[in-house]
Structures are given as structure tokens and as C-alpha cells.
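Novice: If you scroll down you'll find the structure; I have some questions about it.
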Amino acid sequence: MTYVSRPLLYLDVDGPLNPYAAQPERRPPGYTTLRVTLGPDRSALSGRTLRVWLAPWHGPALLDLGYELYWATTWMADANRWIAPVLGLPELPYVDFGDALLSERPDGVHWKTAALVDHAAGRPFAWVDDEQSALDGEYVAGHHPAPALLHHVSPRLGLRPADFETLAEWSTDARDAAT
């Protein structure tokens, strides 16, 4: 099978880009602090002010990977307002999780998984998140015909250079397998 476009990269914010579980009193080196008060459109977190740590170098590093980038986060469109400018990213499309947003599944599969498989529509994709499990890998393997990488990132560390190396290698391998 030949894919005519770049693989997709689904990005979660909290965990991979915002290492929210790092020691609360110590911002990681190279990160900047952003304080975000969420509006009423984010019902689960409405009115809360969040501390967000972001590493500006993540934006150029993500763009250099050669993926088609998508937000795959509860931030949805808010990621373009708050996160993208700090990282130097253009406005990115986002996956609208609709009714699946934050709803638990009885089979233990993460609430994002089926929506991402549907959104990918048979294209190769990598998903960077801090909440995947083996059940998600099994679901993707059973429901997605193209290569997929579920890349777990520690919410205490965020994306590190080794994660970018893994994503770059996988993208190359996925493209080679597709031709």
C-alpha cells in the first residue's frame, strides 16, 4: 500500500508538552510558565486557572519531524490559543472527541483511542500521550490497518530528545513500509 501523505502525529498537551506531574515547586530547565484560566466551553475544567509548563524548543522539533500534526487533547481548539504560540507552532487542526471526551469505556480502552483510529482513516499515525495502555495498543492493532505508534511520555518529564529520535525513526520506517 502506498500512502501519499505524511504520517499523522496526534499530540496530547498535558503530560507530553506540559510535564504537569513534575515537582510542583520546580519548573523543569528550559521550560516557561504559562497561567491559563479556562473558559466555560471546557466544562470539565471551566473557570480553573492552570499552571502550564512549556518548552519552546518543542515546536521547532515537532515541525522538523515531517508529520502532519494534530492536537489530540482535551484542550482541543484552546491548544491553538494557548499552547501553539508559546511553542512557535502554527494553528493546528484538532481531533474533536465529541461525546467520547473524558468518558470511560467499559473495556478499559482509553476514551481517545477509537476516535483517533477513526480520524486516521487508515493512514499511518503516531500518538504521543501519557495515558495509553496495552489495551489501547491491542485496540489499534485490531482496528487500524496501517502502521501506528503509541508513544508513552512520562508526565513528570515531558517530551525529551530521545522521544523525538523515536518519532523520527518511526516516521521513516512507516514511510519505507508504505512504498
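In the C-alpha cells, chains take letters A, B, ... by order of appearance, with residues numbered from 1 within each chain and ligands from 1 in the order shown.
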For stretch 109-114 of chain A, work out the shell of residues within 9 Å, counting only C-alpha atoms and skipping chain neighbours fewer than 2 positions away, then give it as number ranges by chain.
Specialist: A: 72-73, 97, 100-107, 116-119, 131-140, 143
Novice: Output C-alpha atoms of each residue in that selection to a file, as a PDB file, in the first residue's frame.
Specialist:
ATOM      1  CA  ALA A  72      -5.337  15.139  20.416  1.00  0.00           C
ATOM      2  CA  THR A  73      -6.097  16.729  23.750  1.00  0.00           C
ATOM      3  CA  PHE A  97     -13.702  13.955  20.612  1.00  0.00           C
ATOM      4  CA  ALA A 100     -16.244  10.497  23.921  1.00  0.00           C
ATOM      5  CA  LEU A 101     -14.492  13.377  25.713  1.00  0.00           C
ATOM      6  CA  LEU A 102     -13.391  12.093  29.120  1.00  0.00           C
ATOM      7  CA  SER A 103     -15.924   9.224  29.111  1.00  0.00           C
ATOM      8  CA  GLU A 104     -14.758   5.886  30.443  1.00  0.00           C
ATOM      9  CA  ARG A 105     -15.148   2.798  28.315  1.00  0.00           C
ATOM     10  CA  PRO A 106     -16.194  -0.496  29.897  1.00  0.00           C
ATOM     11  CA  ASP A 107     -13.409  -2.361  28.076  1.00  0.00           C
ATOM     12  CA  LEU A 116      -8.050   8.589  16.813  1.00  0.00           C
ATOM     13  CA  VAL A 117      -8.326   5.342  14.843  1.00  0.00           C
ATOM     14  CA  ASP A 118     -11.456   6.697  13.139  1.00  0.00           C
ATOM     15  CA  HIS A 119      -9.806  10.052  12.461  1.00  0.00           C
ATOM     16  CA  GLU A 131      -2.249   7.729  29.376  1.00  0.00           C
ATOM     17  CA  GLN A 132      -2.040   4.828  26.911  1.00  0.00           C
ATOM     18  CA  SER A 133      -2.041   1.199  27.991  1.00  0.00           C
ATOM     19  CA  ALA A 134      -1.583  -2.207  26.406  1.00  0.00           C
ATOM     20  CA  LEU A 135      -5.361  -2.272  25.826  1.00  0.00           C
ATOM     21  CA  ASP A 136      -5.022   0.748  23.546  1.00  0.00           C
ATOM     22  CA  GLY A 137      -2.275  -0.971  21.570  1.00  0.00           C
ATOM     23  CA  GLU A 138      -4.462  -4.045  21.162  1.00  0.00           C
ATOM     24  CA  TYR A 139      -7.410  -1.936  20.035  1.00  0.00           C
ATOM     25  CA  VAL A 140      -5.318  -0.094  17.457  1.00  0.00           C
ATOM     26  CA  HIS A 143      -8.939  -1.845  14.180  1.00  0.00           C
TER      27      HIS A 143
END
Novice: Using the chain letters and numbers from this document, which residues of stretch 33-96 of chain A does DSSP assign to alpha helix (DSSP H), as a PDB file with N, CA and C atoms, in the first residue's frame?
Specialist:
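The result, written out as out.pdb:
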ATOM      1  N   HIS A  58      10.218  22.609  21.786  1.00  0.00           N
ATOM      2  CA  HIS A  58       9.375  21.515  21.298  1.00  0.00           C
ATOM      3  C   HIS A  58       8.730  21.838  19.947  1.00  0.00           C
ATOM      4  N   GLY A  59       8.323  23.098  19.739  1.00  0.00           N
ATOM      5  CA  GLY A  59       7.653  23.456  18.488  1.00  0.00           C
ATOM      6  C   GLY A  59       8.511  23.189  17.264  1.00  0.00           C
ATOM      7  N   PRO A  60       9.712  23.794  17.183  1.00  0.00           N
ATOM      8  CA  PRO A  60      10.560  23.521  16.015  1.00  0.00           C
ATOM      9  C   PRO A  60      10.915  22.035  15.874  1.00  0.00           C
ATOM     10  N   ALA A  61      11.119  21.359  17.001  1.00  0.00           N
ATOM     11  CA  ALA A  61      11.453  19.933  16.933  1.00  0.00           C
ATOM     12  C   ALA A  61      10.278  19.131  16.370  1.00  0.00           C
ATOM     13  N   LEU A  62       9.065  19.475  16.752  1.00  0.00           N
ATOM     14  CA  LEU A  62       7.894  18.784  16.206  1.00  0.00           C
ATOM     15  C   LEU A  62       7.737  19.046  14.715  1.00  0.00           C
ATOM     16  N   LEU A  63       7.914  20.280  14.309  1.00  0.00           N
ATOM     17  CA  LEU A  63       7.795  20.624  12.887  1.00  0.00           C
ATOM     18  C   LEU A  63       8.850  19.922  12.044  1.00  0.00           C
ATOM     19  N   ASP A  64      10.031  19.714  12.603  1.00  0.00           N
ATOM     20  CA  ASP A  64      11.116  19.054  11.868  1.00  0.00           C
ATOM     21  C   ASP A  64      10.890  17.560  11.668  1.00  0.00           C
ATOM     22  N   ASP A  78      -8.531  25.198  22.143  1.00  0.00           N
ATOM     23  CA  ASP A  78      -7.784  26.059  23.070  1.00  0.00           C
ATOM     24  C   ASP A  78      -6.277  25.848  22.958  1.00  0.00           C
ATOM     25  N   ALA A  84       0.122  26.597  21.170  1.00  0.00           N
ATOM     26  CA  ALA A  84       0.837  26.776  19.905  1.00  0.00           C
ATOM     27  C   ALA A  84       1.709  28.032  19.879  1.00  0.00           C
ATOM     28  N   PRO A  85       1.228  29.212  20.327  1.00  0.00           N
ATOM     29  CA  PRO A  85       2.080  30.409  20.253  1.00  0.00           C
ATOM     30  C   PRO A  85       3.365  30.302  21.076  1.00  0.00           C
ATOM     31  N   VAL A  86       3.273  29.678  22.240  1.00  0.00           N
ATOM     32  CA  VAL A  86       4.468  29.538  23.093  1.00  0.00           C
ATOM     33  C   VAL A  86       5.480  28.601  22.438  1.00  0.00           C
ATOM     34  N   LEU A  87       4.976  27.590  21.731  1.00  0.00           N
ATOM     35  CA  LEU A  87       5.869  26.618  21.094  1.00  0.00           C
ATOM     36  C   LEU A  87       6.314  27.049  19.694  1.00  0.00           C
TER      37      LEU A  87
END
Novice: How many Å separate atom CA of A:Leu9 from atom CA of A:Ser171?
Specialist: 9.4 Å
Novice: Please determine, counting only C-alpha atoms, which residue among A:Ala177, A:Ala126, A:Ala148, A:Asn80 has the shortest atom-to-atom distance to A:Asp163.
Specialist: A:Ala126
Novice: For each of A:Ala146, A:Glu91, A:Leu54, A:Thr32, take the minimum atom-to-atom distance to A:Val13, counting only C-alpha atoms, then give the residue where this is smallest.
Specialist: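 Distance minimum relative to A:Val13 lands on A:Leu54.
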Novice: Can you pull out the residues contacting A:Pro19? Cut-off 10 Å, using only C-alpha atoms, and skip same-chain residues under 3 positions away; I want them as a PDB file with N, CA and C atoms, in the first residue's frame.
Specialist:
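Contents of result25.pdb, freshly written:
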ATOM      1  N   VAL A  13      -1.435  17.436  25.151  1.00  0.00           N
ATOM      2  CA  VAL A  13      -0.742  18.570  25.764  1.00  0.00           C
ATOM      3  C   VAL A  13      -0.234  18.205  27.148  1.00  0.00           C
ATOM      4  N   ASP A  14      -1.156  17.853  28.052  1.00  0.00           N
ATOM      5  CA  ASP A  14      -0.774  17.621  29.444  1.00  0.00           C
ATOM      6  C   ASP A  14      -0.098  16.269  29.597  1.00  0.00           C
ATOM      7  N   GLY A  15       1.151  16.303  29.929  1.00  0.00           N
ATOM      8  CA  GLY A  15       1.991  15.119  30.015  1.00  0.00           C
ATOM      9  C   GLY A  15       3.148  15.276  29.044  1.00  0.00           C
ATOM     10  N   PRO A  16       2.911  15.111  27.743  1.00  0.00           N
ATOM     11  CA  PRO A  16       3.999  15.230  26.776  1.00  0.00           C
ATOM     12  C   PRO A  16       4.572  16.647  26.629  1.00  0.00           C
ATOM     13  N   ALA A  22       5.638  16.952  37.219  1.00  0.00           N
ATOM     14  CA  ALA A  22       6.967  17.292  37.751  1.00  0.00           C
ATOM     15  C   ALA A  22       6.777  17.931  39.126  1.00  0.00           C
ATOM     16  N   GLN A  23       7.836  18.023  39.891  1.00  0.00           N
ATOM     17  CA  GLN A  23       7.727  18.635  41.212  1.00  0.00           C
ATOM     18  C   GLN A  23       7.077  20.005  41.084  1.00  0.00           C
ATOM     19  N   PRO A  24       5.974  20.242  41.806  1.00  0.00           N
ATOM     20  CA  PRO A  24       5.198  21.466  41.593  1.00  0.00           C
ATOM     21  C   PRO A  24       5.955  22.766  41.861  1.00  0.00           C
ATOM     22  N   ARG A  27      10.095  24.314  38.236  1.00  0.00           N
ATOM     23  CA  ARG A  27       9.891  24.285  36.791  1.00  0.00           C
ATOM     24  C   ARG A  27      11.083  23.583  36.160  1.00  0.00           C
ATOM     25  N   PRO A  28      10.825  22.650  35.234  1.00  0.00           N
ATOM     26  CA  PRO A  28      11.934  21.964  34.565  1.00  0.00           C
ATOM     27  C   PRO A  28      12.809  22.957  33.790  1.00  0.00           C
ATOM     28  N   TYR A  31      11.976  25.306  30.383  1.00  0.00           N
ATOM     29  CA  TYR A  31      10.528  25.483  30.253  1.00  0.00           C
ATOM     30  C   TYR A  31      10.138  26.887  30.694  1.00  0.00           C
ATOM     31  N   VAL A  52       0.848  25.871  33.454  1.00  0.00           N
ATOM     32  CA  VAL A  52       1.298  25.048  32.332  1.00  0.00           C
ATOM     33  C   VAL A  52       2.769  25.358  32.092  1.00  0.00           C
ATOM     34  N   TRP A  53       3.580  24.310  32.048  1.00  0.00           N
ATOM     35  CA  TRP A  53       4.996  24.458  31.717  1.00  0.00           C
ATOM     36  C   TRP A  53       5.196  24.002  30.282  1.00  0.00           C
ATOM     37  N   LEU A  54       5.829  24.837  29.480  1.00  0.00           N
ATOM     38  CA  LEU A  54       6.071  24.508  28.076  1.00  0.00           C
ATOM     39  C   LEU A  54       7.522  24.793  27.713  1.00  0.00           C
ATOM     40  N   ALA A  55       8.076  23.941  26.871  1.00  0.00           N
ATOM     41  CA  ALA A  55       9.450  24.103  26.376  1.00  0.00           C
ATOM     42  C   ALA A  55       9.380  24.647  24.951  1.00  0.00           C
ATOM     43  N   ASP A 130       0.381  10.438  27.653  1.00  0.00           N
ATOM     44  CA  ASP A 130       0.870   9.873  28.907  1.00  0.00           C
ATOM     45  C   ASP A 130      -0.136   8.902  29.515  1.00  0.00           C
ATOM     46  N   VAL A 153       4.728   9.028  27.064  1.00  0.00           N
ATOM     47  CA  VAL A 153       5.651  10.025  27.600  1.00  0.00           C
ATOM     48  C   VAL A 153       5.330  10.219  29.079  1.00  0.00           C
ATOM     49  N   SER A 154       6.343  10.221  29.903  1.00  0.00           N
ATOM     50  CA  SER A 154       6.142  10.428  31.332  1.00  0.00           C
ATOM     51  C   SER A 154       5.626  11.838  31.596  1.00  0.00           C
ATOM     52  N   PRO A 155       4.526  11.975  32.367  1.00  0.00           N
ATOM     53  CA  PRO A 155       4.013  13.305  32.685  1.00  0.00           C
ATOM     54  C   PRO A 155       4.907  14.052  33.682  1.00  0.00           C
ATOM     55  N   ARG A 156       5.910  13.392  34.207  1.00  0.00           N
ATOM     56  CA  ARG A 156       6.872  14.064  35.090  1.00  0.00           C
ATOM     57  C   ARG A 156       8.030  14.645  34.308  1.00  0.00           C
ATOM     58  N   LEU A 157       8.238  14.143  33.074  1.00  0.00           N
ATOM     59  CA  LEU A 157       9.399  14.567  32.291  1.00  0.00           C
ATOM     60  C   LEU A 157       9.029  15.319  31.015  1.00  0.00           C
ATOM     61  N   GLY A 158       7.882  15.021  30.428  1.00  0.00           N
ATOM     62  CA  GLY A 158       7.530  15.602  29.136  1.00  0.00           C
ATOM     63  C   GLY A 158       8.391  15.036  28.022  1.00  0.00           C
ATOM     64  N   LEU A 159       8.182  15.541  26.834  1.00  0.00           N
ATOM     65  CA  LEU A 159       8.964  15.089  25.672  1.00  0.00           C
ATOM     66  C   LEU A 159      10.431  15.433  25.852  1.00  0.00           C
TER      67      LEU A 159
END
Novice: Name the residues of stretch 75-173 of chain A that come out as strand (DSSP E) in a backbone DSSP run; write them as a list in words.
Specialist: Phe125, Ala126, Trp127, Val128, Asp129, Ala148, Leu149, Leu150, His151 and His152 of chain A
Novice: Store the residues picked out above in a file with C-alpha atoms, as a short mmCIF file (atom, residue, chain, number, x, y, z; two decimals), in the first residue's frame.
Specialist:
data_model
loop_
_atom_site.label_atom_id
_atom_site.label_comp_id
_atom_site.auth_asym_id
_atom_site.auth_seq_id
_atom_site.Cartn_x
_atom_site.Cartn_y
_atom_site.Cartn_z
CA PHE A 125 -0.13 7.59 12.77
CA ALA A 126 1.85 8.14 15.94
CA TRP A 127 0.07 9.13 19.14
CA VAL A 128 2.05 10.88 21.87
CA ASP A 129 0.30 10.73 25.25
CA ALA A 148 0.69 3.01 14.25
CA LEU A 149 2.92 4.01 17.15
CA LEU A 150 1.50 4.66 20.59
CA HIS A 151 4.33 6.54 22.25
CA HIS A 152 4.05 6.95 26.01
#
